[in-house]
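Some notes on the structure that comes next.
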2 protein chains.
Amino acid sequence: MKGADKRKLVTSGGAEDTPRPDKIERSPPVVRVAELEIDPSQLEGYTAAVKEEMEMSVREEPGILAFYCVAEKDCPARLRFFEMYADEAAYKEHIESAKFKKYVETTKAMIVSRKFIDAVRVQLSAGELRRKPDNE
Amino acid sequence: MKGADKRKLVTSGGAEDTPRPDKIERSPPVVRVAELEIDPSQLEGYTAAVKEEMEMSVREEPGILAFYCVAEKDCPARLRFFEMYADEAAYKEHIESAKFKKYVETTKAMIVSRKFIDAVRVQLSAGELRRKPDNE
């Protein structure tokens, strides 16, 4: 089976029009790393809001290559984010989107502290994305 | 095509033979987060070793879903890793592999400090992987 045929099967949920990431990965991806501590009494509300925002964003913005959020096992209110965008424009598109602004507004009173780390790519390899960006 | 057949094709080197991650993502993925500080005078050697190890691992182990390493922009010797495996078995396969052991041996004198964070998934969404694991 050819790659193109595979794509059709993979995206049968209506995402057929989404460009393939290899088409939009001409420039180096932008990586954002963040650490957030959430007010434990509001963790459930925060988690619901951030999950909804992440899910919608990945569905609607093809420039988002990866959007990961994990909690520290020993301290579930401490969250770590790893975000990868196709390029600077994709990152800007995201932070200027209505859903991101809504998320910021909804959650600002739930966040105790936040730390953003400007990250420089060393190696970015992934399963389905194995041909890109580093493994071509 | 059965999962076992696909796994065989993985190693043939052609991108079209890459297995679909949905075939190997039946159980929740295992996420590992690590922060390493490298001896600045050995950073070049460390980077070469870790890039080689990451690239080979993703190519040879279909259970690795994502293998990301970034450096802090303001402190390039501080590295952050985000690793996602299909399941616990895939993680074990990796850390027991000869290439991982070789990497550990090669780099142990280059690492000043290391911190591993046991991570619990909150939301894991990615472009090409959009239907999985969280967006089905």
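We name chains A, B, ... following the order of the structure tokens; residues begin at 1 in each chain, and ligands are numbered from 1 as shown.
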
Practice problem: Please provide as a ChimeraX atom specification all residues within 7 Å of Arg80 in chain A, with the sequence filter that same-chain residues fewer than 2 positions apart are discarded (counting only C-alpha atoms). | Solution: /A:34-36,69-71,78,82

Exercise. Please report as an MDAnalysis selection string which residues of chain A come no farther than 6 Å from chain B, using only C-alpha atoms.
Key: chainID A and resid 3 65:73 118:127

N, CA and C atoms of the current selection, written as a PDB file, in the first residue's frame:
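For reference, again-v6.pdb as written:
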ATOM      1  N   GLY A   3       1.948   5.228   0.510  1.00  0.00           N
ATOM      2  CA  GLY A   3       1.764   6.186   1.606  1.00  0.00           C
ATOM      3  C   GLY A   3       0.482   7.000   1.469  1.00  0.00           C
ATOM      4  N   LEU A  65       2.662  20.315  15.366  1.00  0.00           N
ATOM      5  CA  LEU A  65       3.199  18.975  15.128  1.00  0.00           C
ATOM      6  C   LEU A  65       3.034  18.079  16.343  1.00  0.00           C
ATOM      7  N   ALA A  66       3.164  18.656  17.524  1.00  0.00           N
ATOM      8  CA  ALA A  66       3.012  17.860  18.745  1.00  0.00           C
ATOM      9  C   ALA A  66       2.579  18.763  19.882  1.00  0.00           C
ATOM     10  N   PHE A  67       1.701  18.247  20.684  1.00  0.00           N
ATOM     11  CA  PHE A  67       1.154  18.980  21.821  1.00  0.00           C
ATOM     12  C   PHE A  67       1.026  17.978  22.960  1.00  0.00           C
ATOM     13  N   TYR A  68       2.014  17.985  23.833  1.00  0.00           N
ATOM     14  CA  TYR A  68       2.011  16.990  24.892  1.00  0.00           C
ATOM     15  C   TYR A  68       1.929  17.654  26.248  1.00  0.00           C
ATOM     16  N   CYS A  69       1.145  17.080  27.113  1.00  0.00           N
ATOM     17  CA  CYS A  69       1.072  17.549  28.495  1.00  0.00           C
ATOM     18  C   CYS A  69       1.085  16.333  29.415  1.00  0.00           C
ATOM     19  N   VAL A  70       2.022  16.337  30.352  1.00  0.00           N
ATOM     20  CA  VAL A  70       2.085  15.267  31.341  1.00  0.00           C
ATOM     21  C   VAL A  70       2.154  15.879  32.737  1.00  0.00           C
ATOM     22  N   ALA A  71       1.745  15.088  33.718  1.00  0.00           N
ATOM     23  CA  ALA A  71       1.826  15.515  35.113  1.00  0.00           C
ATOM     24  C   ALA A  71       2.936  14.738  35.798  1.00  0.00           C
ATOM     25  N   GLU A  72       3.538  15.354  36.792  1.00  0.00           N
ATOM     26  CA  GLU A  72       4.523  14.614  37.584  1.00  0.00           C
ATOM     27  C   GLU A  72       3.770  13.607  38.446  1.00  0.00           C
ATOM     28  N   LYS A  73       4.230  12.364  38.397  1.00  0.00           N
ATOM     29  CA  LYS A  73       3.531  11.294  39.109  1.00  0.00           C
ATOM     30  C   LYS A  73       3.426  11.603  40.605  1.00  0.00           C
ATOM     31  N   ASP A 118      12.751  28.691  26.749  1.00  0.00           N
ATOM     32  CA  ASP A 118      13.030  28.788  25.318  1.00  0.00           C
ATOM     33  C   ASP A 118      13.940  27.626  24.943  1.00  0.00           C
ATOM     34  N   ALA A 119      13.493  26.830  24.014  1.00  0.00           N
ATOM     35  CA  ALA A 119      14.213  25.600  23.712  1.00  0.00           C
ATOM     36  C   ALA A 119      14.809  25.616  22.311  1.00  0.00           C
ATOM     37  N   VAL A 120      15.967  25.024  22.203  1.00  0.00           N
ATOM     38  CA  VAL A 120      16.643  24.894  20.921  1.00  0.00           C
ATOM     39  C   VAL A 120      16.696  23.409  20.593  1.00  0.00           C
ATOM     40  N   ARG A 121      16.327  23.075  19.388  1.00  0.00           N
ATOM     41  CA  ARG A 121      16.281  21.675  18.987  1.00  0.00           C
ATOM     42  C   ARG A 121      17.665  21.010  19.016  1.00  0.00           C
ATOM     43  N   VAL A 122      17.719  19.838  19.600  1.00  0.00           N
ATOM     44  CA  VAL A 122      18.928  19.013  19.505  1.00  0.00           C
ATOM     45  C   VAL A 122      18.613  17.843  18.573  1.00  0.00           C
ATOM     46  N   GLN A 123      17.563  17.104  18.922  1.00  0.00           N
ATOM     47  CA  GLN A 123      17.139  15.986  18.070  1.00  0.00           C
ATOM     48  C   GLN A 123      15.645  15.797  18.271  1.00  0.00           C
ATOM     49  N   LEU A 124      14.900  15.746  17.185  1.00  0.00           N
ATOM     50  CA  LEU A 124      13.455  15.575  17.267  1.00  0.00           C
ATOM     51  C   LEU A 124      13.066  14.421  16.354  1.00  0.00           C
ATOM     52  N   SER A 125      12.861  13.277  16.937  1.00  0.00           N
ATOM     53  CA  SER A 125      12.539  12.094  16.140  1.00  0.00           C
ATOM     54  C   SER A 125      11.241  11.489  16.640  1.00  0.00           C
ATOM     55  N   ALA A 126      10.421  11.051  15.715  1.00  0.00           N
ATOM     56  CA  ALA A 126       9.164  10.429  16.134  1.00  0.00           C
ATOM     57  C   ALA A 126       8.775   9.329  15.184  1.00  0.00           C
ATOM     58  N   GLY A 127       7.937   8.426  15.685  1.00  0.00           N
ATOM     59  CA  GLY A 127       7.515   7.260  14.919  1.00  0.00           C
ATOM     60  C   GLY A 127       7.012   7.577  13.528  1.00  0.00           C
TER      61      GLY A 127
END

Quiz item: Given the choices B:Glu88, B:Lys99, B:Ala49, B:Ile38, which gets closest to Ile111 in chain B if the distance is worked out from only C-alpha atoms?
Solution: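 Among the listed residues, B:Ile38 lies closest to Ile111 in chain B.
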
Quiz item: What is the distance, in Å and to one decimal place, between CA of Pro29 in chain B and CA of Pro40 in chain A?
Solution: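 CA of Pro40 in chain A lies at a distance of 24.8 Å from CA of Pro29 in chain B.
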
Quiz prompt | Of the listed residues A:Met110, A:Ser27, A:Ala89, A:Phe116, that which approaches Leu43 in chain A most closely, counting only C-alpha atoms | solution = A:Met110

Quiz item: If you run DSSP on the backbone, which residues of range 28-57 of chain A are helix (DSSP H, G or I), as a PyMOL selection string?
Solution: chain A and resi 40-57
